[in-house]
Amino acid sequence: MAAHAVVTRRLQPKTQETVYQVGELRVDLARRQVMLEGKEVSLTPTEFDLLWLLIQDAGKVITHHQLIQKVWGMAYEDEAGLLRVNISNLRRKIEPDPNRPTYILTELGVGYRMRES
């Protein structure tokens, strides 16, 4: 079973809101659509699932372990490099300057946090 199918089945939006917007980034969770500065951004299913998880708890830190477990499962719990690569790819697609992220913030040694809308 694909990782994104696992995430989609396990996660339900915590609120009735299905659209998240902060700055020039707009994510429609129901449509799995991401827009940046009015242009659609193409994400892989895994990148979208990571973004979805971060948005669900925007403003709160989600640990590396939690992200890996929810996206890839327990078999990948020692694959921190896999998470870093996917976060890096995601940042390249949605951040104005991936080297100075404004949406997906790193909490060193702990995990990542999505900027609140």
# chains A, B, ... in the order shown; residues from 1 in each chain; ligands from 1
>>> residues_around(residues="range 108-117 of chain A", least_positions_apart="2", cutoff="9 Å", atoms="only C-alpha atoms", output="PyMOL selection string")
chain A and resi 20-23+51+54-67+102-106
>>> residues_around(residues="range 32-44 of chain A", least_positions_apart="5", cutoff="9 Å", atoms="only C-alpha atoms", output="list in words")
Gly23, Glu24, Leu25, Arg26, Val27, Asp49, Trp52, Leu90, Lys93, Ile94 and Glu95 of chain A
>>> write_last_selection(atoms="all heavy atoms", output="mmCIF file, in the first residue's frame")
data_model
loop_
_atom_site.group_PDB
_atom_site.id
_atom_site.type_symbol
_atom_site.label_atom_id
_atom_site.label_comp_id
_atom_site.auth_asym_id
_atom_site.auth_seq_id
_atom_site.Cartn_x
_atom_site.Cartn_y
_atom_site.Cartn_z
ATOM 1 N N GLY A 23 0.514 33.799 4.029
ATOM 2 C CA GLY A 23 1.262 34.531 3.020
ATOM 3 C C GLY A 23 0.759 34.202 1.630
ATOM 4 O O GLY A 23 -0.444 34.204 1.388
ATOM 5 N N GLU A 24 1.669 33.862 0.742
ATOM 6 C CA GLU A 24 1.319 33.541 -0.642
ATOM 7 C C GLU A 24 1.068 32.046 -0.860
ATOM 8 O O GLU A 24 0.862 31.610 -1.971
ATOM 9 C CB GLU A 24 2.436 34.012 -1.584
ATOM 10 C CG GLU A 24 2.612 35.522 -1.618
ATOM 11 C CD GLU A 24 1.395 36.218 -2.206
ATOM 12 O OE1 GLU A 24 0.824 35.720 -3.191
ATOM 13 O OE2 GLU A 24 1.008 37.270 -1.663
ATOM 14 N N LEU A 25 1.104 31.274 0.223
ATOM 15 C CA LEU A 25 0.899 29.826 0.141
ATOM 16 C C LEU A 25 -0.543 29.487 0.505
ATOM 17 O O LEU A 25 -1.039 29.884 1.551
ATOM 18 C CB LEU A 25 1.847 29.102 1.106
ATOM 19 C CG LEU A 25 1.721 27.580 1.155
ATOM 20 C CD1 LEU A 25 2.140 26.954 -0.170
ATOM 21 C CD2 LEU A 25 2.555 27.030 2.298
ATOM 22 N N ARG A 26 -1.200 28.742 -0.387
ATOM 23 C CA ARG A 26 -2.581 28.312 -0.157
ATOM 24 C C ARG A 26 -2.657 26.817 -0.433
ATOM 25 O O ARG A 26 -2.250 26.348 -1.494
ATOM 26 C CB ARG A 26 -3.521 29.056 -1.096
ATOM 27 C CG ARG A 26 -4.984 28.715 -0.915
ATOM 28 C CD ARG A 26 -5.841 29.549 -1.894
ATOM 29 N NE ARG A 26 -7.250 29.392 -1.628
ATOM 30 C CZ ARG A 26 -8.003 28.377 -2.042
ATOM 31 N NH1 ARG A 26 -7.464 27.413 -2.751
ATOM 32 N NH2 ARG A 26 -9.282 28.321 -1.757
ATOM 33 N N VAL A 27 -3.167 26.071 0.558
ATOM 34 C CA VAL A 27 -3.267 24.621 0.428
ATOM 35 C C VAL A 27 -4.718 24.216 0.646
ATOM 36 O O VAL A 27 -5.293 24.495 1.696
ATOM 37 C CB VAL A 27 -2.361 23.898 1.454
ATOM 38 C CG1 VAL A 27 -2.458 22.384 1.286
ATOM 39 C CG2 VAL A 27 -0.916 24.369 1.318
ATOM 40 N N ASP A 49 1.640 14.765 1.737
ATOM 41 C CA ASP A 49 1.315 14.180 3.034
ATOM 42 C C ASP A 49 2.111 14.847 4.158
ATOM 43 O O ASP A 49 1.571 15.114 5.236
ATOM 44 C CB ASP A 49 1.564 12.678 3.029
ATOM 45 C CG ASP A 49 0.571 11.928 2.144
ATOM 46 O OD1 ASP A 49 -0.493 12.497 1.800
ATOM 47 O OD2 ASP A 49 0.860 10.772 1.793
ATOM 48 N N TRP A 52 0.572 18.229 4.693
ATOM 49 C CA TRP A 52 -0.720 18.052 5.363
ATOM 50 C C TRP A 52 -0.514 17.859 6.867
ATOM 51 O O TRP A 52 -1.168 18.492 7.693
ATOM 52 C CB TRP A 52 -1.446 16.871 4.750
ATOM 53 C CG TRP A 52 -2.824 16.606 5.306
ATOM 54 C CD1 TRP A 52 -3.474 17.278 6.312
ATOM 55 C CD2 TRP A 52 -3.719 15.589 4.887
ATOM 56 N NE1 TRP A 52 -4.703 16.732 6.527
ATOM 57 C CE2 TRP A 52 -4.891 15.691 5.669
ATOM 58 C CE3 TRP A 52 -3.646 14.604 3.923
ATOM 59 C CZ2 TRP A 52 -5.976 14.840 5.524
ATOM 60 C CZ3 TRP A 52 -4.743 13.756 3.776
ATOM 61 C CH2 TRP A 52 -5.881 13.880 4.561
ATOM 62 N N LEU A 90 10.354 19.637 -0.646
ATOM 63 C CA LEU A 90 9.131 20.400 -0.409
ATOM 64 C C LEU A 90 9.439 21.886 -0.267
ATOM 65 O O LEU A 90 8.772 22.732 -0.863
ATOM 66 C CB LEU A 90 8.437 19.861 0.849
ATOM 67 C CG LEU A 90 7.116 20.479 1.262
ATOM 68 C CD1 LEU A 90 6.102 20.434 0.123
ATOM 69 C CD2 LEU A 90 6.580 19.761 2.492
ATOM 70 N N LYS A 93 10.029 23.731 -3.446
ATOM 71 C CA LYS A 93 8.817 23.983 -4.225
ATOM 72 C C LYS A 93 7.931 25.079 -3.639
ATOM 73 O O LYS A 93 7.230 25.755 -4.395
ATOM 74 C CB LYS A 93 8.001 22.688 -4.355
ATOM 75 C CG LYS A 93 8.716 21.646 -5.196
ATOM 76 C CD LYS A 93 7.932 20.358 -5.260
ATOM 77 C CE LYS A 93 8.645 19.314 -6.113
ATOM 78 N NZ LYS A 93 7.855 18.081 -6.225
ATOM 79 N N ILE A 94 7.930 25.264 -2.310
ATOM 80 C CA ILE A 94 6.975 26.216 -1.729
ATOM 81 C C ILE A 94 7.601 27.424 -1.037
ATOM 82 O O ILE A 94 6.893 28.384 -0.750
ATOM 83 C CB ILE A 94 6.006 25.531 -0.730
ATOM 84 C CG1 ILE A 94 6.734 25.068 0.523
ATOM 85 C CG2 ILE A 94 5.241 24.402 -1.409
ATOM 86 C CD1 ILE A 94 5.805 24.684 1.663
ATOM 87 N N GLU A 95 8.874 27.384 -0.759
ATOM 88 C CA GLU A 95 9.513 28.500 -0.058
ATOM 89 C C GLU A 95 10.052 29.533 -1.048
ATOM 90 O O GLU A 95 10.648 29.156 -2.054
ATOM 91 C CB GLU A 95 10.675 27.997 0.804
ATOM 92 C CG GLU A 95 10.291 27.086 1.941
ATOM 93 C CD GLU A 95 9.669 27.817 3.125
ATOM 94 O OE1 GLU A 95 9.568 29.066 3.111
ATOM 95 O OE2 GLU A 95 9.262 27.125 4.071
#
>>> select_by_dssp(residues="chain A", states="strand (DSSP E)", output="count of residues only")
26
>>> atom_distance(atom1="CA of Ile87 in chain A", atom2="CA of Phe48 in chain A")
10.4 Å
